[in-house]
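Coordinates from data-v2.txt are shown below (compact mmCIF, C-alpha atoms and all ligand atoms).
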```txt
# COMPACT_ATOMS: atom_id res chain seq x y z
CA MET K 1 -4.86 -146.41 120.68
CA LEU K 2 -4.17 -143.62 118.21
CA ILE K 3 -1.59 -141.03 119.31
CA LEU K 4 -1.80 -137.56 117.75
CA ASN K 5 0.66 -134.72 118.23
CA ALA K 6 0.02 -131.00 117.70
CA GLU K 7 1.13 -130.99 114.06
CA GLU K 8 -1.08 -133.96 113.18
CA ILE K 9 -4.05 -132.31 114.91
CA ARG K 10 -3.53 -129.10 112.95
CA SER K 11 -3.13 -130.98 109.68
CA VAL K 12 -6.58 -132.62 109.94
CA PHE K 13 -8.63 -129.98 111.77
CA SER K 14 -9.21 -126.44 110.51
CA MET K 15 -10.48 -123.50 112.56
CA LYS K 16 -13.68 -123.58 110.52
CA GLU K 17 -14.21 -127.21 111.54
CA ALA K 18 -13.36 -126.37 115.15
CA ILE K 19 -16.01 -123.63 115.16
CA GLU K 20 -18.60 -126.13 113.90
CA ALA K 21 -17.47 -128.66 116.56
CA ASP K 22 -17.87 -126.04 119.32
CA LYS K 23 -21.33 -125.11 118.07
CA GLU K 24 -22.26 -128.80 118.18
CA ALA K 25 -20.93 -128.98 121.76
CA PHE K 26 -22.90 -125.88 122.83
CA LEU K 27 -26.09 -127.28 121.33
CA LEU K 28 -25.70 -130.73 122.93
CA HIS K 29 -24.91 -129.14 126.29
CA SER K 30 -27.89 -126.77 126.22
CA ARG K 31 -30.17 -129.69 125.23
CA GLY K 32 -29.04 -131.66 128.31
CA GLU K 33 -27.21 -134.30 126.26
CA THR K 34 -23.99 -134.06 128.23
CA GLU K 35 -22.72 -135.00 131.69
CA VAL K 36 -19.96 -132.77 133.05
CA PRO K 37 -18.85 -133.39 136.63
CA VAL K 38 -17.03 -130.59 138.41
CA ARG K 39 -13.33 -130.75 137.50
CA ILE K 40 -11.08 -132.56 139.99
CA SER K 41 -8.03 -130.59 141.09
CA PHE K 42 -5.02 -131.86 143.04
CA SER K 43 -2.50 -129.44 144.54
CA VAL K 44 0.62 -131.49 144.05
CA ARG K 45 3.01 -129.08 145.75
CA LYS K 46 3.14 -125.30 146.37
CA ASP K 47 1.63 -123.73 143.22
CA ASP K 48 1.72 -126.92 141.14
CA LYS K 49 -1.58 -128.61 140.35
CA SER K 50 -3.06 -131.36 138.18
CA GLN K 51 -6.64 -131.08 136.99
CA PHE K 52 -8.91 -133.77 135.54
CA MET K 53 -11.78 -132.56 133.33
CA PRO K 54 -14.07 -135.42 132.23
CA ALA K 55 -17.25 -135.28 130.16
CA PHE K 56 -19.76 -137.68 128.64
CA VAL K 57 -21.21 -136.38 125.38
CA LYS K 58 -24.34 -138.29 124.33
CA GLY K 59 -26.31 -138.02 121.07
CA ASP K 60 -24.57 -139.14 117.88
CA ILE K 61 -21.15 -138.60 119.41
CA ASN K 62 -21.69 -140.96 122.38
CA ARG K 63 -18.18 -140.57 123.84
CA VAL K 64 -16.60 -140.28 127.25
CA GLY K 65 -13.36 -138.31 127.33
CA ILE K 66 -11.11 -136.46 129.72
CA LYS K 67 -8.60 -133.65 129.56
CA ILE K 68 -5.71 -133.81 132.02
CA VAL K 69 -4.14 -130.39 132.55
CA SER K 70 -1.13 -129.78 134.77
CA THR K 71 0.32 -126.42 135.80
CA PHE K 72 3.88 -126.88 137.07
CA MET K 73 5.61 -123.58 137.66
CA GLU K 74 9.21 -124.84 137.39
CA ASN K 75 8.70 -126.65 134.09
CA PRO K 76 10.47 -123.90 132.07
CA LEU K 77 13.68 -124.79 133.95
CA ARG K 78 13.29 -128.27 132.39
CA GLY K 79 12.58 -126.83 128.95
CA LEU K 80 8.85 -127.60 129.27
CA PRO K 81 5.81 -125.30 129.20
CA VAL K 82 4.18 -124.33 132.53
CA VAL K 83 0.85 -125.75 131.38
CA THR K 84 0.78 -129.19 129.74
CA ALA K 85 -2.29 -131.17 128.70
CA GLN K 86 -3.46 -134.38 127.07
CA VAL K 87 -6.95 -135.43 125.97
CA LEU K 88 -8.03 -139.09 126.17
CA LEU K 89 -11.03 -140.42 124.25
CA LEU K 90 -12.75 -143.72 125.13
CA ASP K 91 -14.17 -146.33 122.75
CA PRO K 92 -17.96 -146.50 123.27
CA GLU K 93 -18.06 -150.31 122.64
CA THR K 94 -15.17 -151.45 124.86
CA GLY K 95 -14.52 -148.53 127.22
CA GLU K 96 -10.82 -148.64 126.30
CA VAL K 97 -8.85 -145.49 125.56
CA CYS K 98 -8.90 -145.26 121.76
CA ALA K 99 -7.05 -141.96 121.34
CA MET K 100 -4.59 -139.77 123.18
CA MET K 101 -3.79 -136.36 121.76
CA ASP K 102 -1.90 -133.18 122.54
CA GLY K 103 -4.33 -131.40 124.86
CA THR K 104 -2.52 -128.07 124.63
CA GLU K 105 -3.27 -127.96 120.91
CA VAL K 106 -6.87 -129.13 121.40
CA THR K 107 -7.31 -126.39 124.03
CA LYS K 108 -5.93 -123.67 121.76
CA ILE K 109 -8.13 -124.66 118.82
CA ARG K 110 -11.35 -125.25 120.77
CA THR K 111 -10.86 -122.05 122.83
CA GLY K 112 -10.25 -119.97 119.72
CA ALA K 113 -13.32 -121.62 118.24
CA ILE K 114 -15.47 -120.60 121.25
CA SER K 115 -14.88 -116.97 120.26
CA GLY K 116 -15.20 -117.87 116.59
CA ALA K 117 -18.60 -119.47 117.21
CA ALA K 118 -19.77 -116.57 119.41
CA THR K 119 -18.61 -114.03 116.81
CA ASP K 120 -20.35 -115.98 114.08
CA ILE K 121 -23.58 -116.15 116.10
CA LEU K 122 -23.61 -112.64 117.61
CA ALA K 123 -21.41 -110.13 115.73
CA ARG K 124 -22.72 -107.87 113.01
CA THR K 125 -22.15 -109.43 109.59
CA ASP K 126 -20.62 -106.15 108.33
CA ALA K 127 -17.94 -106.07 111.08
CA GLU K 128 -14.64 -104.71 109.70
CA VAL K 129 -12.36 -103.83 112.61
CA GLY K 130 -11.17 -106.18 115.34
CA ALA K 131 -9.30 -105.68 118.62
CA LEU K 132 -7.29 -108.36 120.41
CA PHE K 133 -6.17 -107.99 124.04
CA GLY K 134 -3.36 -110.36 125.07
CA THR K 135 -0.54 -111.87 123.03
CA GLY K 136 0.13 -115.06 125.02
CA ALA K 137 -0.26 -118.76 124.25
CA GLN K 138 -3.96 -118.53 123.34
CA ALA K 139 -3.79 -115.33 121.28
CA ARG K 140 -2.95 -116.73 117.85
CA SER K 141 -5.92 -119.09 117.68
CA GLN K 142 -8.20 -116.33 119.01
CA LEU K 143 -7.05 -114.12 116.14
CA GLU K 144 -7.48 -116.93 113.61
CA ALA K 145 -11.01 -117.59 114.90
CA MET K 146 -11.97 -113.91 114.71
CA LEU K 147 -10.73 -113.75 111.12
CA THR K 148 -12.48 -117.01 110.22
CA ALA K 149 -15.84 -115.77 111.56
CA ARG K 150 -15.81 -112.28 109.99
CA LYS K 151 -14.08 -110.62 107.04
CA LEU K 152 -12.07 -108.04 109.02
CA ARG K 153 -9.78 -105.59 107.26
CA GLU K 154 -7.81 -104.64 110.39
CA VAL K 155 -7.16 -106.02 113.87
CA ARG K 156 -5.58 -103.83 116.57
CA VAL K 157 -3.41 -105.76 119.01
CA PHE K 158 -2.87 -104.62 122.59
CA ASP K 159 -0.89 -106.12 125.46
CA LYS K 160 0.24 -104.56 128.73
CA ASN K 161 3.78 -105.45 127.62
CA PRO K 162 4.40 -103.34 124.43
CA ASP K 163 7.41 -105.45 123.34
CA TRP K 164 5.19 -108.50 123.10
CA ILE K 165 2.77 -106.73 120.74
CA ARG K 166 5.49 -106.29 118.10
CA SER K 167 6.86 -109.82 118.37
CA PHE K 168 3.33 -111.28 118.26
CA ILE K 169 2.49 -109.25 115.13
CA ASP K 170 5.76 -110.36 113.48
CA ARG K 171 4.85 -114.00 114.16
CA VAL K 172 1.22 -113.97 113.08
CA ALA K 173 1.06 -111.30 110.34
CA PRO K 174 1.37 -113.89 107.50
CA MET K 175 -1.62 -115.79 108.89
CA ALA K 176 -3.66 -112.56 109.16
CA GLU K 177 -2.61 -111.56 105.62
CA SER K 178 -3.89 -114.91 104.33
CA PHE K 179 -7.34 -113.68 105.47
CA GLY K 180 -6.76 -110.26 103.85
CA ALA K 181 -6.40 -108.52 107.25
CA LYS K 182 -3.69 -106.20 108.48
CA LEU K 183 -2.52 -106.07 112.08
CA ALA K 184 -1.80 -102.79 113.90
CA GLU K 185 -0.06 -102.10 117.20
CA ALA K 186 -2.45 -100.31 119.58
CA SER K 187 -0.74 -97.74 121.79
CA SER K 188 -3.44 -97.97 124.48
CA SER K 189 -6.56 -99.93 125.31
CA ASP K 190 -8.66 -96.92 124.21
CA ALA K 191 -6.91 -96.88 120.83
CA ALA K 192 -7.50 -100.65 120.45
CA ILE K 193 -11.27 -100.47 120.89
CA ASP K 194 -11.89 -97.16 119.09
CA GLN K 195 -14.46 -98.05 116.36
CA ALA K 196 -13.79 -101.79 116.89
CA ASP K 197 -16.62 -104.12 115.83
CA VAL K 198 -15.25 -107.35 117.36
CA ILE K 199 -13.20 -107.28 120.57
CA THR K 200 -11.55 -110.37 122.11
CA THR K 201 -9.87 -110.34 125.51
CA VAL K 202 -7.53 -113.26 126.23
CA THR K 203 -5.36 -112.00 129.08
CA THR K 204 -4.43 -112.99 132.61
CA SER K 205 -5.50 -109.58 133.94
CA LYS K 206 -7.30 -109.39 137.27
CA THR K 207 -8.86 -106.00 136.44
CA PRO K 208 -10.89 -104.83 133.41
CA VAL K 209 -8.71 -104.39 130.34
CA PHE K 210 -10.69 -101.62 128.62
CA ASP K 211 -13.28 -98.95 129.39
CA GLY K 212 -16.71 -100.37 128.62
CA ARG K 213 -18.15 -96.86 128.15
CA ARG K 214 -16.02 -96.44 125.01
CA VAL K 215 -17.23 -99.54 123.15
CA ARG K 216 -19.08 -98.52 120.00
CA PRO K 217 -22.75 -99.43 119.60
CA GLY K 218 -23.11 -102.59 117.52
CA ALA K 219 -19.84 -104.13 118.74
CA HIS K 220 -19.40 -107.74 119.88
CA VAL K 221 -17.05 -108.69 122.74
CA ASN K 222 -15.57 -112.13 123.55
CA GLY K 223 -14.30 -112.41 127.16
CA VAL K 224 -11.98 -115.43 127.22
CA GLY K 225 -9.36 -114.93 129.96
CA SER K 226 -9.46 -114.44 133.71
CA TYR K 227 -11.67 -117.28 134.85
CA THR K 228 -11.23 -117.09 138.63
CA PRO K 229 -13.73 -115.49 141.05
CA ASN K 230 -11.38 -112.62 141.98
CA ALA K 231 -10.33 -111.67 138.42
CA ARG K 232 -12.21 -109.92 135.62
CA GLU K 233 -11.44 -108.52 132.18
CA LEU K 234 -14.82 -106.92 131.48
CA ASP K 235 -16.13 -103.96 133.48
CA LEU K 236 -19.61 -103.38 134.87
CA GLU K 237 -20.34 -100.53 132.43
CA LEU K 238 -19.88 -102.90 129.50
CA LEU K 239 -22.13 -105.57 131.04
CA LYS K 240 -24.85 -102.99 131.73
CA ARG K 241 -24.77 -101.68 128.14
CA SER K 242 -24.82 -105.16 126.54
CA ARG K 243 -26.87 -108.24 125.76
CA VAL K 244 -24.80 -110.82 127.62
CA TYR K 245 -24.33 -114.49 126.66
CA VAL K 246 -22.20 -117.27 128.15
CA ASP K 247 -20.79 -120.62 127.03
CA ASN K 248 -22.02 -122.42 130.18
CA ARG K 249 -24.20 -120.56 132.68
CA GLU K 250 -23.42 -122.80 135.67
CA ALA K 251 -19.65 -122.76 135.14
CA VAL K 252 -19.50 -119.01 134.49
CA LEU K 253 -21.53 -118.23 137.60
CA ALA K 254 -19.25 -120.49 139.65
CA GLU K 255 -15.94 -119.17 138.32
CA ALA K 256 -15.99 -115.84 136.48
CA GLY K 257 -15.17 -112.71 138.49
CA ASP K 258 -16.53 -110.67 135.56
CA PHE K 259 -19.96 -111.58 137.01
CA LEU K 260 -19.20 -112.67 140.59
CA ILE K 261 -17.56 -109.36 141.59
CA PRO K 262 -20.44 -107.06 140.47
CA ILE K 263 -23.05 -109.59 141.69
CA ALA K 264 -21.40 -109.63 145.17
CA SER K 265 -21.47 -105.82 145.32
CA GLY K 266 -25.16 -105.80 144.33
CA ASP K 267 -24.48 -103.97 141.04
CA TYR K 268 -25.42 -106.81 138.67
CA SER K 269 -27.65 -109.87 138.74
CA SER K 270 -27.34 -113.24 137.04
CA GLY K 271 -30.89 -112.74 135.70
CA ARG K 272 -29.45 -110.19 133.25
CA ILE K 273 -27.56 -112.91 131.37
CA ALA K 274 -29.64 -113.47 128.20
CA GLY K 275 -28.62 -117.12 127.80
CA GLU K 276 -26.10 -119.70 126.63
CA LEU K 277 -24.76 -119.83 123.08
CA GLY K 278 -26.37 -123.27 122.72
CA GLU K 279 -29.77 -121.79 123.58
CA VAL K 280 -29.32 -119.17 120.86
CA LEU K 281 -28.34 -121.89 118.37
CA ASP K 282 -31.41 -123.89 119.44
CA GLY K 283 -33.70 -120.89 118.84
CA LYS K 284 -34.72 -120.75 122.53
CA VAL K 285 -33.00 -117.44 123.27
CA GLN K 286 -32.79 -114.46 120.94
CA GLY K 287 -29.35 -113.37 119.77
CA ARG K 288 -28.58 -109.83 118.56
CA THR K 289 -31.84 -107.88 118.23
CA GLY K 290 -30.54 -105.06 116.01
CA PRO K 291 -27.46 -103.33 114.57
CA GLU K 292 -26.98 -101.09 117.62
CA ASP K 293 -26.89 -103.89 120.24
CA ILE K 294 -23.59 -104.46 122.00
CA THR K 295 -23.24 -108.20 122.55
CA VAL K 296 -20.89 -109.88 125.05
CA MET K 297 -19.96 -113.55 125.29
CA LYS K 298 -18.13 -114.72 128.41
CA THR K 299 -16.51 -118.16 128.44
CA VAL K 300 -14.68 -120.15 131.09
CA GLY K 301 -14.59 -123.32 128.96
CA TYR K 302 -15.73 -126.85 129.87
CA ALA K 303 -14.77 -130.40 129.01
CA VAL K 304 -17.62 -131.02 126.55
CA LEU K 305 -15.78 -128.71 124.12
CA ASP K 306 -12.62 -130.82 124.44
CA VAL K 307 -14.44 -134.12 123.96
CA VAL K 308 -16.40 -133.00 120.89
CA ALA K 309 -13.29 -131.46 119.30
CA ALA K 310 -11.20 -134.56 120.14
CA TYR K 311 -13.86 -136.83 118.64
CA ARG K 312 -13.93 -134.85 115.38
CA ILE K 313 -10.11 -134.78 115.25
CA PHE K 314 -9.91 -138.55 115.92
CA THR K 315 -12.46 -139.33 113.18
CA LYS K 316 -10.64 -137.19 110.63
CA ALA K 317 -7.23 -138.59 111.60
CA LEU K 318 -8.53 -142.14 111.07
CA GLU K 319 -9.95 -141.18 107.65
CA GLN K 320 -6.65 -139.60 106.60
CA GLY K 321 -4.36 -142.24 108.16
CA LYS K 322 -2.70 -139.69 110.48
CA GLY K 323 -1.07 -140.47 113.85
CA ARG K 324 0.57 -143.57 115.30
CA GLU K 325 -1.16 -146.71 116.65
CA LEU K 326 0.01 -147.99 120.02
CA GLN K 327 -0.91 -151.50 121.22
CA PHE K 328 -0.64 -152.46 124.90
N1 LIG K 401 -12.26 -119.82 128.39
C1 LIG K 401 -11.46 -120.84 128.16
O1 LIG K 401 -11.90 -121.94 127.78
C2 LIG K 401 -9.98 -120.69 128.31
C3 LIG K 401 -9.12 -121.70 127.83
C4 LIG K 401 -7.73 -121.51 127.93
C5 LIG K 401 -7.23 -120.37 128.53
N2 LIG K 401 -8.11 -119.43 129.02
C6 LIG K 401 -7.62 -118.21 129.67
O2 LIG K 401 -7.10 -117.31 128.70
C7 LIG K 401 -6.18 -116.42 129.32
C8 LIG K 401 -4.92 -116.28 128.47
O3 LIG K 401 -4.26 -117.52 128.41
P1 LIG K 401 -2.77 -117.61 127.80
O4 LIG K 401 -2.37 -119.04 127.92
O5 LIG K 401 -2.74 -116.95 126.48
O6 LIG K 401 -1.97 -116.74 128.89
P2 LIG K 401 -0.49 -116.13 128.75
O7 LIG K 401 0.02 -115.96 130.13
O8 LIG K 401 0.29 -116.91 127.75
O9 LIG K 401 -0.76 -114.67 128.11
C9 LIG K 401 -1.51 -113.70 128.79
C10 LIG K 401 -1.27 -112.36 128.11
O10 LIG K 401 -2.12 -111.39 128.72
C11 LIG K 401 -1.39 -110.17 128.78
N3 LIG K 401 -2.05 -109.27 129.72
C12 LIG K 401 -2.18 -109.40 131.06
N4 LIG K 401 -2.86 -108.34 131.56
C13 LIG K 401 -3.17 -107.54 130.52
C14 LIG K 401 -3.87 -106.31 130.38
N5 LIG K 401 -4.40 -105.70 131.43
N6 LIG K 401 -4.02 -105.78 129.14
C15 LIG K 401 -3.50 -106.40 128.06
N7 LIG K 401 -2.81 -107.57 128.13
C16 LIG K 401 -2.64 -108.13 129.34
C17 LIG K 401 0.01 -110.64 129.19
O11 LIG K 401 0.98 -109.63 129.01
C18 LIG K 401 0.18 -111.84 128.27
O12 LIG K 401 0.67 -111.49 127.00
C19 LIG K 401 -5.91 -116.99 130.72
O13 LIG K 401 -6.66 -116.26 131.68
C20 LIG K 401 -6.44 -118.42 130.61
O14 LIG K 401 -6.83 -118.92 131.85
C21 LIG K 401 -9.46 -119.56 128.91
```
Let me see whether you can do it: turn the structure in this file into structure tokens.
Amino acid sequence: MLILNAEEIRSVFSMKEAIEADKEAFLLHSRGETEVPVRISFSVRKDDKSQFMPAFVKGDINRVGIKIVSTFMENPLRGLPVVTAQVLLLDPETGEVCAMMDGTEVTKIRTGAISGAATDILARTDAEVGALFGTGAQARSQLEAMLTARKLREVRVFDKNPDWIRSFIDRVAPMAESFGAKLAEASSSDAAIDQADVITTVTTSKTPVFDGRRVRPGAHVNGVGSYTPNARELDLELLKRSRVYVDNREAVLAEAGDFLIPIASGDYSSGRIAGELGEVLDGKVQGRTGPEDITVMKTVGYAVLDVVAAYRIFTKALEQGKGRELQF
């Protein structure tokens, strides 16, 4: 079994490769070449839970894998993160676990790459200005993905906690500069989206994080956070003005308050969702129809993305002799 930590994962797998892996996952999923059971969740005690997210990806990949994600609220007292994760990949010949890797890192890269793929597929090619909402654990890879997909000259960063905007910019400015982009503190959500061409929301907000009426025609929006039925980052106005796409129709309609709340009030219908990203990649659903379209992609994520990314990471690590072998 090959063991890979976060640093080893990063050293063999670029954001560009992660975006290609996510596109492959979307395509296989939309073509029915995956099996994804509903995730299993155990409430271990009070707010602490362990979740098991398996998937079988067929086609050339032909791999079963699982991500185990635990949320343990008192972990910081032990010097550990609240959310920890590992991904296991199985050998298709023997069924044995052939790789175990840092699932937190896989999640960050593949989740950034969801937005990267959506931006690549749906955003205008002449996009210049980005806006990023949220400066937490997922924010850096979201920014990297946005900059990988489009040549942006500026990205405005907004968080409800202003102190976190500055410290985030200090941490990630060198990465943004390596793409030729400058980062700016946004003083309000309105200031962040003013004239923005690509907007990514990656927050834990329960209510919409910006005013959908103010989004400029031609913009593309990635909705990444808030995946529970009672929480939403995107408002109804935005959905009504946009061509709307999702990573996984079934999962989004089961989990995302962005849709479930306006559907329950009778203000929106699932029939208005244009399609999945995989269907656009497959040529079955049209993407952007013109420069004035506003496009929205909402993701809640699913295990196929983890398994495809893990498989690509494993293959590259073997080629490059990275990681440590463990024999039982
Ligand atoms: N779609 C997927 O596959 C996927 C994968 C992983 C995480 N997520 C989701 O992404 C979100 C962010 O995850 P994280 O680990 O970075 O969380 P985090 O707790 O580390 O950071 C969340 C950030 O959002 C900010 N925020 C909250 N409300 C805001 C508002 N109204 N306006 C601006 N900023 C606001 C917080 O201040 C914080 O900086 C979560 O909802 C998580 O569940 C989605």
Quick one: 3 Å padding each side, axis-aligned, all listed atoms of ligand LIG 401 (chain K) - centre and edge lengths in Å to one decimal, as AutoDock Vina command-line options?
```
--center_x -5.6 --center_y -113.8 --center_z 129.2 --size_x 19.2 --size_y 22.2 --size_z 11.4
```
Close residues to ligand LIG 401 (chain K) using all atoms listed in the file, limit 7 Å, as a tab-separated table (two decimals) with C-alpha atoms, in the frame of the given file:
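Ended up saving to pocket.tsv:
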```
chain	number	residue	atom	x	y	z
K	107	THR	CA	-7.31	-126.39	124.03
K	108	LYS	CA	-5.93	-123.67	121.76
K	111	THR	CA	-10.86	-122.05	122.83
K	133	PHE	CA	-6.17	-107.99	124.04
K	134	GLY	CA	-3.36	-110.36	125.07
K	135	THR	CA	-0.54	-111.87	123.03
K	136	GLY	CA	0.13	-115.06	125.02
K	137	ALA	CA	-0.26	-118.76	124.25
K	138	GLN	CA	-3.96	-118.53	123.34
K	139	ALA	CA	-3.79	-115.33	121.28
K	158	PHE	CA	-2.87	-104.62	122.59
K	159	ASP	CA	-0.89	-106.12	125.46
K	160	LYS	CA	0.24	-104.56	128.73
K	161	ASN	CA	3.78	-105.45	127.62
K	164	TRP	CA	5.19	-108.50	123.10
K	202	VAL	CA	-7.53	-113.26	126.23
K	203	THR	CA	-5.36	-112.00	129.08
K	204	THR	CA	-4.43	-112.99	132.61
K	205	SER	CA	-5.50	-109.58	133.94
K	207	THR	CA	-8.86	-106.00	136.44
K	208	PRO	CA	-10.89	-104.83	133.41
K	209	VAL	CA	-8.71	-104.39	130.34
K	224	VAL	CA	-11.98	-115.43	127.22
K	225	GLY	CA	-9.36	-114.93	129.96
K	226	SER	CA	-9.46	-114.44	133.71
K	227	TYR	CA	-11.67	-117.28	134.85
K	299	THR	CA	-16.51	-118.16	128.44
K	300	VAL	CA	-14.68	-120.15	131.09
K	301	GLY	CA	-14.59	-123.32	128.96
K	302	TYR	CA	-15.73	-126.85	129.87
```
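In terms of minimum interatomic distance to Lys23 in chain K, K:Ser115 ranks closest within K:Ser189, K:Thr315, K:Ser115, K:Ser242, counting all atoms listed in the file.
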| query | Using only C-alpha atoms, which of K:Asp47, K:Asp258, K:Glu144, K:Glu319 sits nearest Ala113 in chain K? | reply |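 Nearest to Ala113 in chain K: K:Glu144.
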With all atoms listed in the file as the counted atoms, please give the residues lying no more than 12 Å from Phe328 in chain K, apart from itself and same-chain residues fewer than 5 positions off, as a compact mmCIF listing (two decimals) with C-alpha atoms, in the coordinates of the input.
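Below you can see result_27.txt, which holds the result:
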```
# COMPACT_ATOMS: atom_id res chain seq x y z
CA MET K 1 -4.86 -146.41 120.68
CA LEU K 2 -4.17 -143.62 118.21
CA GLU K 96 -10.82 -148.64 126.30
CA VAL K 97 -8.85 -145.49 125.56
CA CYS K 98 -8.90 -145.26 121.76
```
| field | K:Leu132, K:Ile313, K:Val87, K:Met297 ranked by distance to Val252 in chain K, top pick (using all atoms listed in the file) | value | K:Met297
| Residues at most 12 Å from Ile169 in chain K, counting all atoms listed in the file, excluding those fewer than 3 positions away in the same chain, as a VMD selection string? | chain K and resid 132 134 to 136 139 to 140 143 155 to 159 162 to 166 172 to 177 181 to 186
| Which one is closest to Ala131 in chain K: K:Arg324, K:Lys46, K:His220, K:Arg78? Count all atoms listed in the file. | K:His220
| said: Could you check which residues have any atom within 8 Å of (-21.1, -111.4, 109.6), counting all atoms listed in the file with coordinates taken straight from the file, and then list them as a list in words? | reply: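 Final list of nearby residues, as requested, is Asp120, Ala123, Arg124, Thr125, Asp126, Ala127, Ala149, Arg150 and Lys151 of chain K.
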| said: Set the distance at 7 Å and use only C-alpha atoms: which residues neighbour range 4-15 of chain K once local chain neighbours fewer than 5 positions away are removed? I'd like the list as a list in words. | reply: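 Near neighbours after the sequence-gap exclusion: Met100, Met101, Asp102, Glu105, Ile109, Ala113, Ala145, Ile313, Lys316, Ala317, Lys322, Gly323 and Arg324 of chain K.
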Could you save those same residues with C-alpha atoms as a short mmCIF file (atom, residue, chain, number, x, y, z; two decimals), in the frame of the given file?
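Below you can see selection15.cif, which holds the result:
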```cif
data_model
loop_
_atom_site.label_atom_id
_atom_site.label_comp_id
_atom_site.auth_asym_id
_atom_site.auth_seq_id
_atom_site.Cartn_x
_atom_site.Cartn_y
_atom_site.Cartn_z
CA MET K 100 -4.59 -139.77 123.18
CA MET K 101 -3.79 -136.36 121.76
CA ASP K 102 -1.90 -133.18 122.54
CA GLU K 105 -3.27 -127.96 120.91
CA ILE K 109 -8.13 -124.66 118.82
CA ALA K 113 -13.32 -121.62 118.24
CA ALA K 145 -11.01 -117.59 114.90
CA ILE K 313 -10.11 -134.78 115.25
CA LYS K 316 -10.64 -137.19 110.63
CA ALA K 317 -7.23 -138.59 111.60
CA LYS K 322 -2.70 -139.69 110.48
CA GLY K 323 -1.07 -140.47 113.85
CA ARG K 324 0.57 -143.57 115.30
#
```
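Considering the residues K:Gly266, K:Pro217, K:Gly212, K:Gly257 and counting all atoms listed in the file, Gln195 in chain K has its shortest atom-to-atom contact with K:Pro217.
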Identify, on the basis of all atoms listed in the file, every residue whose closest approach to range 65-67 of chain K does not exceed 9 Å; exclude the query and any residue fewer than 3 positions from it along the same chain; express the result as a PDB file with C-alpha atoms, keeping the file's coordinate frame.
```pdb
ATOM      1  CA  GLN K  51      -6.640-131.080 136.990  1.00  0.00           C
ATOM      2  CA  PHE K  52      -8.910-133.770 135.540  1.00  0.00           C
ATOM      3  CA  MET K  53     -11.780-132.560 133.330  1.00  0.00           C
ATOM      4  CA  PRO K  54     -14.070-135.420 132.230  1.00  0.00           C
ATOM      5  CA  ALA K  55     -17.250-135.280 130.160  1.00  0.00           C
ATOM      6  CA  PHE K  56     -19.760-137.680 128.640  1.00  0.00           C
ATOM      7  CA  VAL K  57     -21.210-136.380 125.380  1.00  0.00           C
ATOM      8  CA  ALA K  85      -2.290-131.170 128.700  1.00  0.00           C
ATOM      9  CA  GLN K  86      -3.460-134.380 127.070  1.00  0.00           C
ATOM     10  CA  VAL K  87      -6.950-135.430 125.970  1.00  0.00           C
ATOM     11  CA  LEU K  88      -8.030-139.090 126.170  1.00  0.00           C
ATOM     12  CA  LEU K  89     -11.030-140.420 124.250  1.00  0.00           C
ATOM     13  CA  LEU K  90     -12.750-143.720 125.130  1.00  0.00           C
ATOM     14  CA  VAL K  97      -8.850-145.490 125.560  1.00  0.00           C
ATOM     15  CA  GLY K 103      -4.330-131.400 124.860  1.00  0.00           C
ATOM     16  CA  ALA K 303     -14.770-130.400 129.010  1.00  0.00           C
ATOM     17  CA  VAL K 304     -17.620-131.020 126.550  1.00  0.00           C
ATOM     18  CA  ASP K 306     -12.620-130.820 124.440  1.00  0.00           C
ATOM     19  CA  VAL K 307     -14.440-134.120 123.960  1.00  0.00           C
ATOM     20  CA  VAL K 308     -16.400-133.000 120.890  1.00  0.00           C
ATOM     21  CA  ALA K 310     -11.200-134.560 120.140  1.00  0.00           C
ATOM     22  CA  TYR K 311     -13.860-136.830 118.640  1.00  0.00           C
TER      23      TYR K 311
END
```
If you count only C-alpha atoms, which residues fall within 6 Å of Gly130 in chain K, apart from same-chain ones fewer than 5 positions away, as a PDB file with C-alpha atoms, in the frame of the given file?
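Once everything was written out, this is selection.pdb:
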```pdb
ATOM      1  CA  VAL K 155      -7.160-106.020 113.870  1.00  0.00           C
ATOM      2  CA  ALA K 196     -13.790-101.790 116.890  1.00  0.00           C
ATOM      3  CA  ASP K 197     -16.620-104.120 115.830  1.00  0.00           C
ATOM      4  CA  VAL K 198     -15.250-107.350 117.360  1.00  0.00           C
ATOM      5  CA  ILE K 199     -13.200-107.280 120.570  1.00  0.00           C
TER       6      ILE K 199
END
```
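Minimum atom-to-atom distances from K:Thr289, K:Gly321, K:Asp247, K:Ile273 to Ser30 in chain K were compared using all atoms listed in the file, and the lowest value belongs to K:Asp247.
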| field | One-decimal distance in Å that lies between CA of Pro229 in chain K and CA of Leu260 in chain K | value |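 That distance, rounded to one decimal, is 6.2 Å.
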| query | Which value, in Å to one decimal, gives the distance between CA of Phe210 in chain K and CA of Thr104 in chain K? | reply |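 One can read the CA of Phe210 in chain K to CA of Thr104 in chain K distance as 28.0 Å.
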| task | Using CA of Ile261 in chain K and CA of Asp190 in chain K as the two end points, give the distance in Å to one decimal. | result |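 Calculated distance between CA of Ile261 in chain K and CA of Asp190 in chain K is 23.2 Å.
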